[in-house]
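One file, my_file.pdb, is given below (PDB, C-alpha atoms and all ligand atoms).
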```
ATOM      1  CA  MET A 178      95.140 303.078  19.347  1.00  0.00           C
ATOM      2  CA  MET A 179      94.207 300.310  16.944  1.00  0.00           C
ATOM      3  CA  LYS A 180      92.520 297.291  18.447  1.00  0.00           C
ATOM      4  CA  ARG A 181      93.627 293.712  18.010  1.00  0.00           C
ATOM      5  CA  LEU A 182      91.145 291.217  16.569  1.00  0.00           C
ATOM      6  CA  LEU A 183      90.633 287.681  17.875  1.00  0.00           C
ATOM      7  CA  VAL A 184      88.768 285.348  15.495  1.00  0.00           C
ATOM      8  CA  VAL A 185      87.360 282.266  17.237  1.00  0.00           C
ATOM      9  CA  VAL A 186      86.684 279.682  14.530  1.00  0.00           C
ATOM     10  CA  ASP A 187      83.862 277.117  14.732  1.00  0.00           C
ATOM     11  CA  MET A 188      83.972 276.304  18.469  1.00  0.00           C
ATOM     12  CA  GLN A 189      80.660 274.478  17.987  1.00  0.00           C
ATOM     13  CA  LYS A 190      79.379 271.377  19.756  1.00  0.00           C
ATOM     14  CA  ASP A 191      79.540 269.173  16.659  1.00  0.00           C
ATOM     15  CA  PHE A 192      83.292 269.814  16.362  1.00  0.00           C
ATOM     16  CA  ILE A 193      83.940 269.320  20.084  1.00  0.00           C
ATOM     17  CA  ASP A 194      81.751 266.522  21.461  1.00  0.00           C
ATOM     18  CA  GLY A 195      79.286 266.055  18.588  1.00  0.00           C
ATOM     19  CA  SER A 196      79.361 264.308  15.209  1.00  0.00           C
ATOM     20  CA  LEU A 197      82.910 265.471  14.364  1.00  0.00           C
ATOM     21  CA  GLY A 198      84.236 265.893  17.902  1.00  0.00           C
ATOM     22  CA  THR A 199      87.719 264.898  19.065  1.00  0.00           C
ATOM     23  CA  ALA A 200      89.456 264.645  22.434  1.00  0.00           C
ATOM     24  CA  GLU A 201      91.954 267.270  21.196  1.00  0.00           C
ATOM     25  CA  ALA A 202      89.115 269.699  20.479  1.00  0.00           C
ATOM     26  CA  GLU A 203      87.684 269.217  23.981  1.00  0.00           C
ATOM     27  CA  GLN A 204      91.095 269.890  25.471  1.00  0.00           C
ATOM     28  CA  ILE A 205      91.515 273.361  23.937  1.00  0.00           C
ATOM     29  CA  VAL A 206      88.237 274.824  25.266  1.00  0.00           C
ATOM     30  CA  PRO A 207      89.711 276.265  28.523  1.00  0.00           C
ATOM     31  CA  ALA A 208      92.664 277.828  26.660  1.00  0.00           C
ATOM     32  CA  VAL A 209      90.335 279.442  24.101  1.00  0.00           C
ATOM     33  CA  LYS A 210      88.131 280.784  26.886  1.00  0.00           C
ATOM     34  CA  GLU A 211      91.172 282.254  28.615  1.00  0.00           C
ATOM     35  CA  LYS A 212      92.377 283.828  25.361  1.00  0.00           C
ATOM     36  CA  ILE A 213      88.975 285.482  24.846  1.00  0.00           C
ATOM     37  CA  ALA A 214      89.089 286.863  28.409  1.00  0.00           C
ATOM     38  CA  GLU A 215      92.561 288.258  27.798  1.00  0.00           C
ATOM     39  CA  TYR A 216      91.425 290.100  24.637  1.00  0.00           C
ATOM     40  CA  ARG A 217      88.362 291.505  26.382  1.00  0.00           C
ATOM     41  CA  LYS A 218      90.388 292.692  29.363  1.00  0.00           C
ATOM     42  CA  ALA A 219      92.648 294.603  26.980  1.00  0.00           C
ATOM     43  CA  GLY A 220      89.604 296.169  25.272  1.00  0.00           C
ATOM     44  CA  ASP A 221      90.218 294.303  22.020  1.00  0.00           C
ATOM     45  CA  GLU A 222      87.694 292.842  19.563  1.00  0.00           C
ATOM     46  CA  VAL A 223      86.480 289.220  19.643  1.00  0.00           C
ATOM     47  CA  VAL A 224      84.341 287.649  16.895  1.00  0.00           C
ATOM     48  CA  PHE A 225      83.159 284.102  16.214  1.00  0.00           C
ATOM     49  CA  THR A 226      82.636 282.098  13.045  1.00  0.00           C
ATOM     50  CA  MET A 227      79.966 279.395  12.967  1.00  0.00           C
ATOM     51  CA  ASP A 228      79.978 276.612  10.409  1.00  0.00           C
ATOM     52  CA  THR A 229      76.387 276.616   9.168  1.00  0.00           C
ATOM     53  CA  HIS A 230      74.741 274.028   6.942  1.00  0.00           C
ATOM     54  CA  SER A 231      71.179 273.242   5.880  1.00  0.00           C
ATOM     55  CA  GLY A 232      69.373 269.906   5.718  1.00  0.00           C
ATOM     56  CA  GLU A 233      70.710 269.615   2.145  1.00  0.00           C
ATOM     57  CA  TYR A 234      74.247 269.225   3.473  1.00  0.00           C
ATOM     58  CA  LEU A 235      74.840 265.774   1.973  1.00  0.00           C
ATOM     59  CA  GLN A 236      74.092 267.143  -1.514  1.00  0.00           C
ATOM     60  CA  THR A 237      76.762 269.848  -1.262  1.00  0.00           C
ATOM     61  CA  GLN A 238      80.365 269.447  -2.451  1.00  0.00           C
ATOM     62  CA  GLU A 239      81.511 269.421   1.165  1.00  0.00           C
ATOM     63  CA  GLY A 240      78.891 266.808   2.071  1.00  0.00           C
ATOM     64  CA  ARG A 241      79.924 264.496  -0.761  1.00  0.00           C
ATOM     65  CA  LYS A 242      83.533 264.557   0.419  1.00  0.00           C
ATOM     66  CA  LEU A 243      82.699 264.509   4.138  1.00  0.00           C
ATOM     67  CA  PRO A 244      79.388 262.653   4.471  1.00  0.00           C
ATOM     68  CA  VAL A 245      78.910 263.430   8.166  1.00  0.00           C
ATOM     69  CA  PRO A 246      76.067 265.902   8.775  1.00  0.00           C
ATOM     70  CA  HIS A 247      77.216 268.613  11.180  1.00  0.00           C
ATOM     71  CA  CYS A 248      76.388 272.175  12.207  1.00  0.00           C
ATOM     72  CA  ILE A 249      72.885 272.057  10.745  1.00  0.00           C
ATOM     73  CA  LYS A 250      71.460 275.495  11.538  1.00  0.00           C
ATOM     74  CA  GLY A 251      69.217 275.394  14.586  1.00  0.00           C
ATOM     75  CA  SER A 252      70.438 271.978  15.797  1.00  0.00           C
ATOM     76  CA  ALA A 253      72.169 271.541  19.172  1.00  0.00           C
ATOM     77  CA  GLY A 254      75.428 270.654  17.417  1.00  0.00           C
ATOM     78  CA  TRP A 255      75.419 273.968  15.548  1.00  0.00           C
ATOM     79  CA  GLU A 256      75.538 275.969  18.809  1.00  0.00           C
ATOM     80  CA  LEU A 257      78.787 277.244  20.246  1.00  0.00           C
ATOM     81  CA  CYS A 258      80.028 274.969  23.016  1.00  0.00           C
ATOM     82  CA  GLU A 259      78.575 275.446  26.476  1.00  0.00           C
ATOM     83  CA  ALA A 260      81.628 277.333  27.810  1.00  0.00           C
ATOM     84  CA  LEU A 261      81.476 279.946  25.021  1.00  0.00           C
ATOM     85  CA  LYS A 262      77.846 280.229  23.973  1.00  0.00           C
ATOM     86  CA  ASP A 263      77.101 283.264  26.149  1.00  0.00           C
ATOM     87  CA  GLU A 264      80.197 285.188  25.092  1.00  0.00           C
ATOM     88  CA  PRO A 265      79.318 288.495  23.470  1.00  0.00           C
ATOM     89  CA  GLY A 266      80.751 289.233  20.033  1.00  0.00           C
ATOM     90  CA  GLN A 267      79.670 289.205  16.439  1.00  0.00           C
ATOM     91  CA  ARG A 268      78.830 285.812  14.879  1.00  0.00           C
ATOM     92  CA  PHE A 269      79.781 285.136  11.262  1.00  0.00           C
ATOM     93  CA  GLU A 270      77.769 282.191   9.932  1.00  0.00           C
ATOM     94  CA  LYS A 271      79.458 280.495   6.992  1.00  0.00           C
ATOM     95  CA  GLY A 272      78.618 277.616   4.666  1.00  0.00           C
ATOM     96  CA  THR A 273      82.203 277.483   3.401  1.00  0.00           C
ATOM     97  CA  PHE A 274      85.513 276.830   5.168  1.00  0.00           C
ATOM     98  CA  GLY A 275      86.663 280.441   4.991  1.00  0.00           C
ATOM     99  CA  SER A 276      84.219 283.259   5.718  1.00  0.00           C
ATOM    100  CA  ARG A 277      84.161 285.847   2.918  1.00  0.00           C
ATOM    101  CA  LYS A 278      81.990 288.107   5.097  1.00  0.00           C
ATOM    102  CA  LEU A 279      84.488 287.984   7.956  1.00  0.00           C
ATOM    103  CA  ALA A 280      87.403 288.815   5.647  1.00  0.00           C
ATOM    104  CA  GLU A 281      85.538 291.727   4.040  1.00  0.00           C
ATOM    105  CA  TRP A 282      84.442 293.062   7.422  1.00  0.00           C
ATOM    106  CA  ALA A 283      87.917 292.736   8.975  1.00  0.00           C
ATOM    107  CA  ALA A 284      89.641 294.351   5.996  1.00  0.00           C
ATOM    108  CA  ALA A 285      87.303 297.345   6.225  1.00  0.00           C
ATOM    109  CA  GLN A 286      88.486 298.106   9.791  1.00  0.00           C
ATOM    110  CA  GLU A 287      91.922 298.964  11.048  1.00  0.00           C
ATOM    111  CA  PHE A 288      93.256 296.249  13.316  1.00  0.00           C
ATOM    112  CA  ALA A 289      96.755 296.200  14.777  1.00  0.00           C
ATOM    113  CA  SER A 290      96.835 292.412  14.370  1.00  0.00           C
ATOM    114  CA  VAL A 291      94.590 289.422  13.856  1.00  0.00           C
ATOM    115  CA  GLU A 292      94.801 286.181  15.829  1.00  0.00           C
ATOM    116  CA  VAL A 293      92.930 283.063  14.720  1.00  0.00           C
ATOM    117  CA  VAL A 294      92.102 280.198  17.110  1.00  0.00           C
ATOM    118  CA  GLY A 295      89.618 277.308  17.157  1.00  0.00           C
ATOM    119  CA  LEU A 296      88.637 274.344  15.003  1.00  0.00           C
ATOM    120  CA  CYS A 297      89.778 272.655  12.929  1.00  0.00           C
ATOM    121  CA  THR A 298      93.389 273.734  12.418  1.00  0.00           C
ATOM    122  CA  ASP A 299      93.651 271.849   9.123  1.00  0.00           C
ATOM    123  CA  ILE A 300      90.388 272.990   7.522  1.00  0.00           C
ATOM    124  CA  CYS A 301      88.693 276.124   8.802  1.00  0.00           C
ATOM    125  CA  VAL A 302      91.484 277.727  10.838  1.00  0.00           C
ATOM    126  CA  ILE A 303      93.950 277.541   7.948  1.00  0.00           C
ATOM    127  CA  SER A 304      91.274 278.622   5.424  1.00  0.00           C
ATOM    128  CA  ASN A 305      90.349 281.695   7.427  1.00  0.00           C
ATOM    129  CA  ALA A 306      93.943 282.594   8.299  1.00  0.00           C
ATOM    130  CA  LEU A 307      94.971 282.515   4.623  1.00  0.00           C
ATOM    131  CA  LEU A 308      91.828 284.325   3.507  1.00  0.00           C
ATOM    132  CA  LEU A 309      92.459 287.087   6.063  1.00  0.00           C
ATOM    133  CA  LYS A 310      96.085 287.270   4.899  1.00  0.00           C
ATOM    134  CA  ALA A 311      94.878 287.828   1.322  1.00  0.00           C
ATOM    135  CA  PHE A 312      92.522 290.607   2.407  1.00  0.00           C
ATOM    136  CA  MET A 313      94.935 292.212   4.917  1.00  0.00           C
ATOM    137  CA  PRO A 314      98.480 291.703   3.618  1.00  0.00           C
ATOM    138  CA  GLU A 315     100.026 294.352   5.908  1.00  0.00           C
ATOM    139  CA  THR A 316      98.361 293.156   9.100  1.00  0.00           C
ATOM    140  CA  PRO A 317     100.267 290.582  11.205  1.00  0.00           C
ATOM    141  CA  ILE A 318      98.223 287.374  11.379  1.00  0.00           C
ATOM    142  CA  ARG A 319      98.908 284.899  14.143  1.00  0.00           C
ATOM    143  CA  VAL A 320      97.677 281.437  15.098  1.00  0.00           C
ATOM    144  CA  ASP A 321      98.113 280.071  18.629  1.00  0.00           C
ATOM    145  CA  ALA A 322      98.660 276.324  18.211  1.00  0.00           C
ATOM    146  CA  SER A 323      97.635 275.634  21.797  1.00  0.00           C
ATOM    147  CA  CYS A 324      94.172 277.046  21.057  1.00  0.00           C
ATOM    148  CA  CYS A 325      93.600 274.935  17.926  1.00  0.00           C
ATOM    149  CA  ALA A 326      92.969 271.270  17.192  1.00  0.00           C
ATOM    150  CA  GLY A 327      92.904 269.382  13.905  1.00  0.00           C
ATOM    151  CA  VAL A 328      91.011 266.407  12.527  1.00  0.00           C
ATOM    152  CA  THR A 329      94.082 264.403  13.640  1.00  0.00           C
ATOM    153  CA  PRO A 330      97.212 265.500  15.570  1.00  0.00           C
ATOM    154  CA  GLN A 331      99.221 264.862  12.372  1.00  0.00           C
ATOM    155  CA  SER A 332      97.011 267.029  10.147  1.00  0.00           C
ATOM    156  CA  HIS A 333      97.067 269.726  12.867  1.00  0.00           C
ATOM    157  CA  ALA A 334     100.899 269.728  12.699  1.00  0.00           C
ATOM    158  CA  ASN A 335     100.868 269.738   8.869  1.00  0.00           C
ATOM    159  CA  ALA A 336      98.531 272.732   8.785  1.00  0.00           C
ATOM    160  CA  LEU A 337     100.719 274.690  11.215  1.00  0.00           C
ATOM    161  CA  GLU A 338     103.730 274.066   8.935  1.00  0.00           C
ATOM    162  CA  ALA A 339     101.756 275.153   5.861  1.00  0.00           C
ATOM    163  CA  MET A 340     100.646 278.360   7.602  1.00  0.00           C
ATOM    164  CA  LYS A 341     104.223 279.160   8.682  1.00  0.00           C
ATOM    165  CA  MET A 342     105.305 278.911   5.038  1.00  0.00           C
ATOM    166  CA  CYS A 343     102.606 281.436   4.138  1.00  0.00           C
ATOM    167  CA  GLN A 344     103.899 283.878   6.761  1.00  0.00           C
ATOM    168  CA  ILE A 345     101.236 283.294   9.352  1.00  0.00           C
ATOM    169  CA  GLU A 346     102.945 283.642  12.730  1.00  0.00           C
ATOM    170  CA  VAL A 347     102.466 280.360  14.569  1.00  0.00           C
ATOM    171  CA  CYS A 348     103.082 280.373  18.308  1.00  0.00           C
ATOM    172  CA  GLU A 349     102.358 278.082  21.236  1.00  0.00           C
ATOM    173  CA  ALA A 350     100.420 279.504  24.201  1.00  0.00           C
ATOM    174  CA  CYS A 351     101.251 283.099  23.229  1.00  0.00           C
TER
HETATM  175 ZN    ZN B 401      81.054 272.144   7.535  1.00  0.00          ZN
END
```
Translate this structure into structure tokens?
Ligand SMILES: [Zn+2]
Amino acid sequence: MMKRLLVVVDMQKDFIDGSLGTAEAEQIVPAVKEKIAEYRKAGDEVVFTMDTHSGEYLQTQEGRKLPVPHCIKGSAGWELCEALKDEPGQRFEKGTFGSRKLAEWAAAQEFASVEVVGLCTDICVISNALLLKAFMPETPIRVDASCCAGVTPQSHANALEAMKMCQIEVCEAC
């Protein structure tokens, strides 16, 4: 039987209680942890992406548009949050919103479905969901809204609408 894949996007300290943290991000941690446990119990695959920048962050395109250093490799803020840091599972470090390596790796396997959760709904969750959709057009791709948070509640809601239009299945606590 084909396994399901759960992609946990950027659940790193800087996006939760660090330089780009939000109360909404803190609130989803228990639901994400529960989702991971559910996948593991069913024998399914769980992987993590990690936003990863160097000390030259402010000179990058992203840094010019968002001049808040975050997820500098090796810093405390780059680490996965306390509740998730000991979870087993492959880590995909990425310097871009979507992970090309993740998409190539996932497309080379046979997964029954892909579910994307994590941070932030409106930047890296949507980027990875759409990238995976492009690499795996026949694989159902789902996003659980209750396991995601955006830069603002409004941009979170906007991103969910945009993903629905692109045939990503958006559910709430599914
Ligand atoms: Zn970044």
Quiz item: Could you write out as an NGL selection string the residues that the PyMOL selection byres (((chain A and resi 268) around 10) and not hetatm) matches in the shown file?
Solution: :A and (184-186 or 223-227 or 265-267 or 269-271 or 279)
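A distance search around ligand ZN 401 (chain B) (7 Å at most, all atoms listed in the file) returns the following protein and nucleic acid residues: Asp228, Thr229, His230, Glu239, His247, Cys248, Gly272, Thr273 and Phe274 of chain A.
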Take the residues just selected and output them with C-alpha atoms as a PDB file, in the frame of the given file.
```pdb
ATOM      1  CA  ASP A 228      79.978 276.612  10.409  1.00  0.00           C
ATOM      2  CA  THR A 229      76.387 276.616   9.168  1.00  0.00           C
ATOM      3  CA  HIS A 230      74.741 274.028   6.942  1.00  0.00           C
ATOM      4  CA  GLU A 239      81.511 269.421   1.165  1.00  0.00           C
ATOM      5  CA  HIS A 247      77.216 268.613  11.180  1.00  0.00           C
ATOM      6  CA  CYS A 248      76.388 272.175  12.207  1.00  0.00           C
ATOM      7  CA  GLY A 272      78.618 277.616   4.666  1.00  0.00           C
ATOM      8  CA  THR A 273      82.203 277.483   3.401  1.00  0.00           C
ATOM      9  CA  PHE A 274      85.513 276.830   5.168  1.00  0.00           C
TER      10      PHE A 274
END
```
Practice problem: Please identify all polymer residues within 7 Å of region 305-311 of chain A, counting all atoms listed in the file, omitting same-chain residues fewer than 5 positions from it, and present them as a PyMOL selection string. | Solution: chain A and resi 275-276+280+293+318
Self-check item: Separation of CA of Glu233 (chain A) from CA of Glu256 (chain A) in Å
Solution: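 Straight-line distance from CA of Glu256 (chain A) to CA of Glu233 (chain A) works out to 18.5 Å.
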Quiz item: So what does the PyMOL selection byres (((chain A and resi 324) around 9) and not hetatm) actually pick up in this one, as a ChimeraX atom specification?
Solution: /A:202,204-209,212,293-296,320-323,325-326,349-350
Practice problem: Report the distance between CA of Thr316 (chain A) and CA of Val291 (chain A) in Å, rounded to one decimal place. | Solution: 7.1 Å
Apply the PyMOL selection byres (((chain A and resi 198) around 12) and not hetatm) to the file shown and report the selected residues as a CSV table (one decimal) with C-alpha atoms, keeping the file's coordinate frame.
```csv
chain,number,residue,atom,x,y,z
A,187,ASP,CA,83.9,277.1,14.7
A,188,MET,CA,84.0,276.3,18.5
A,189,GLN,CA,80.7,274.5,18.0
A,190,LYS,CA,79.4,271.4,19.8
A,191,ASP,CA,79.5,269.2,16.7
A,192,PHE,CA,83.3,269.8,16.4
A,193,ILE,CA,83.9,269.3,20.1
A,194,ASP,CA,81.8,266.5,21.5
A,195,GLY,CA,79.3,266.1,18.6
A,196,SER,CA,79.4,264.3,15.2
A,197,LEU,CA,82.9,265.5,14.4
A,199,THR,CA,87.7,264.9,19.1
A,200,ALA,CA,89.5,264.6,22.4
A,201,GLU,CA,92.0,267.3,21.2
A,202,ALA,CA,89.1,269.7,20.5
A,203,GLU,CA,87.7,269.2,24.0
A,204,GLN,CA,91.1,269.9,25.5
A,245,VAL,CA,78.9,263.4,8.2
A,247,HIS,CA,77.2,268.6,11.2
A,248,CYS,CA,76.4,272.2,12.2
A,254,GLY,CA,75.4,270.7,17.4
A,258,CYS,CA,80.0,275.0,23.0
A,296,LEU,CA,88.6,274.3,15.0
A,297,CYS,CA,89.8,272.7,12.9
A,326,ALA,CA,93.0,271.3,17.2
A,327,GLY,CA,92.9,269.4,13.9
A,328,VAL,CA,91.0,266.4,12.5
A,329,THR,CA,94.1,264.4,13.6
```
Exercise. State, in Å with one decimal place, the distance from CA of Gln331 (chain A) to CA of Leu257 (chain A).
Key: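 Those two atoms sit 25.2 Å apart.
Nearest to Gln286 (chain A) of all the residues A:Lys262, A:Lys242, A:Lys250, A:Arg181 is A:Arg181, based on only C-alpha atoms.
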Exercise. Rank A:Ser252, A:Val347, A:Met313, A:Lys278 by their smallest atom-to-atom distance to Thr298 (chain A), using only C-alpha atoms, and report the top residue only.
Key: A:Val347
Please fill the gaps in region 205-237 of chain A so it has N, CA and C atoms, and write that as an mmCIF file, in the frame of the given file.
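Result file is rebuild-v4.cif:
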```cif
data_model
loop_
_atom_site.group_PDB
_atom_site.id
_atom_site.type_symbol
_atom_site.label_atom_id
_atom_site.label_comp_id
_atom_site.auth_asym_id
_atom_site.auth_seq_id
_atom_site.Cartn_x
_atom_site.Cartn_y
_atom_site.Cartn_z
ATOM 1 N N ILE A 205 91.120 271.948 24.137
ATOM 2 C CA ILE A 205 91.515 273.361 23.937
ATOM 3 C C ILE A 205 90.496 274.357 24.483
ATOM 4 N N VAL A 206 89.300 273.879 24.867
ATOM 5 C CA VAL A 206 88.237 274.824 25.266
ATOM 6 C C VAL A 206 88.688 275.788 26.371
ATOM 7 N N PRO A 207 89.304 275.305 27.472
ATOM 8 C CA PRO A 207 89.711 276.265 28.523
ATOM 9 C C PRO A 207 90.728 277.301 28.025
ATOM 10 N N ALA A 208 91.647 276.887 27.168
ATOM 11 C CA ALA A 208 92.664 277.828 26.660
ATOM 12 C C ALA A 208 92.018 278.881 25.759
ATOM 13 N N VAL A 209 91.032 278.482 24.968
ATOM 14 C CA VAL A 209 90.335 279.442 24.101
ATOM 15 C C VAL A 209 89.550 280.433 24.961
ATOM 16 N N LYS A 210 88.911 279.918 25.985
ATOM 17 C CA LYS A 210 88.131 280.784 26.886
ATOM 18 C C LYS A 210 89.042 281.822 27.556
ATOM 19 N N GLU A 211 90.201 281.367 27.971
ATOM 20 C CA GLU A 211 91.172 282.254 28.615
ATOM 21 C C GLU A 211 91.673 283.329 27.644
ATOM 22 N N LYS A 212 91.914 282.898 26.407
ATOM 23 C CA LYS A 212 92.377 283.828 25.361
ATOM 24 C C LYS A 212 91.327 284.915 25.113
ATOM 25 N N ILE A 213 90.060 284.522 25.055
ATOM 26 C CA ILE A 213 88.975 285.482 24.846
ATOM 27 C C ILE A 213 88.962 286.492 25.999
ATOM 28 N N ALA A 214 89.102 285.988 27.225
ATOM 29 C CA ALA A 214 89.089 286.863 28.409
ATOM 30 C C ALA A 214 90.243 287.855 28.353
ATOM 31 N N GLU A 215 91.382 287.394 27.879
ATOM 32 C CA GLU A 215 92.561 288.258 27.798
ATOM 33 C C GLU A 215 92.324 289.396 26.794
ATOM 34 N N TYR A 216 91.730 289.070 25.638
ATOM 35 C CA TYR A 216 91.425 290.100 24.637
ATOM 36 C C TYR A 216 90.417 291.111 25.177
ATOM 37 N N ARG A 217 89.385 290.601 25.859
ATOM 38 C CA ARG A 217 88.362 291.505 26.382
ATOM 39 C C ARG A 217 88.937 292.450 27.430
ATOM 40 N N LYS A 218 89.785 291.898 28.298
ATOM 41 C CA LYS A 218 90.388 292.692 29.363
ATOM 42 C C LYS A 218 91.196 293.847 28.773
ATOM 43 N N ALA A 219 91.838 293.582 27.635
ATOM 44 C CA ALA A 219 92.648 294.603 26.980
ATOM 45 C C ALA A 219 91.796 295.547 26.120
ATOM 46 N N GLY A 220 90.481 295.300 26.070
ATOM 47 C CA GLY A 220 89.604 296.169 25.272
ATOM 48 C C GLY A 220 89.647 295.857 23.791
ATOM 49 N N ASP A 221 90.110 294.682 23.432
ATOM 50 C CA ASP A 221 90.218 294.303 22.020
ATOM 51 C C ASP A 221 88.948 293.610 21.523
ATOM 52 N N GLU A 222 88.909 293.357 20.217
ATOM 53 C CA GLU A 222 87.694 292.842 19.563
ATOM 54 C C GLU A 222 87.724 291.312 19.463
ATOM 55 N N VAL A 223 86.591 290.682 19.757
ATOM 56 C CA VAL A 223 86.480 289.220 19.643
ATOM 57 C C VAL A 223 85.271 288.899 18.775
ATOM 58 N N VAL A 224 85.464 288.092 17.734
ATOM 59 C CA VAL A 224 84.341 287.649 16.895
ATOM 60 C C VAL A 224 84.403 286.127 16.739
ATOM 61 N N PHE A 225 83.286 285.560 16.328
ATOM 62 C CA PHE A 225 83.159 284.102 16.214
ATOM 63 C C PHE A 225 82.690 283.733 14.811
ATOM 64 N N THR A 226 83.246 282.655 14.255
ATOM 65 C CA THR A 226 82.636 282.098 13.045
ATOM 66 C C THR A 226 81.845 280.869 13.467
ATOM 67 N N MET A 227 80.783 280.581 12.717
ATOM 68 C CA MET A 227 79.966 279.395 12.967
ATOM 69 C C MET A 227 79.721 278.672 11.660
ATOM 70 N N ASP A 228 80.250 277.458 11.561
ATOM 71 C CA ASP A 228 79.978 276.612 10.409
ATOM 72 C C ASP A 228 78.460 276.405 10.379
ATOM 73 N N THR A 229 77.855 276.616 9.226
ATOM 74 C CA THR A 229 76.387 276.616 9.168
ATOM 75 C C THR A 229 75.909 275.916 7.906
ATOM 76 N N HIS A 230 75.260 274.774 8.095
ATOM 77 C CA HIS A 230 74.741 274.028 6.942
ATOM 78 C C HIS A 230 73.234 273.871 7.046
ATOM 79 N N SER A 231 72.627 273.501 5.908
ATOM 80 C CA SER A 231 71.179 273.242 5.880
ATOM 81 C C SER A 231 70.966 271.733 5.829
ATOM 82 N N GLY A 232 69.715 271.327 5.822
ATOM 83 C CA GLY A 232 69.373 269.906 5.718
ATOM 84 C C GLY A 232 69.854 269.281 4.419
ATOM 85 N N GLU A 233 70.220 270.117 3.440
ATOM 86 C CA GLU A 233 70.710 269.615 2.145
ATOM 87 C C GLU A 233 72.216 269.345 2.161
ATOM 88 N N TYR A 234 72.790 269.336 3.360
ATOM 89 C CA TYR A 234 74.247 269.225 3.473
ATOM 90 C C TYR A 234 74.846 268.114 2.624
ATOM 91 N N LEU A 235 74.237 266.923 2.675
ATOM 92 C CA LEU A 235 74.840 265.774 1.973
ATOM 93 C C LEU A 235 74.877 265.951 0.462
ATOM 94 N N GLN A 236 74.091 266.891 -0.065
ATOM 95 C CA GLN A 236 74.092 267.143 -1.514
ATOM 96 C C GLN A 236 75.121 268.208 -1.906
ATOM 97 N N THR A 237 75.775 268.815 -0.920
ATOM 98 C CA THR A 237 76.762 269.848 -1.262
ATOM 99 C C THR A 237 78.098 269.173 -1.576
#
```
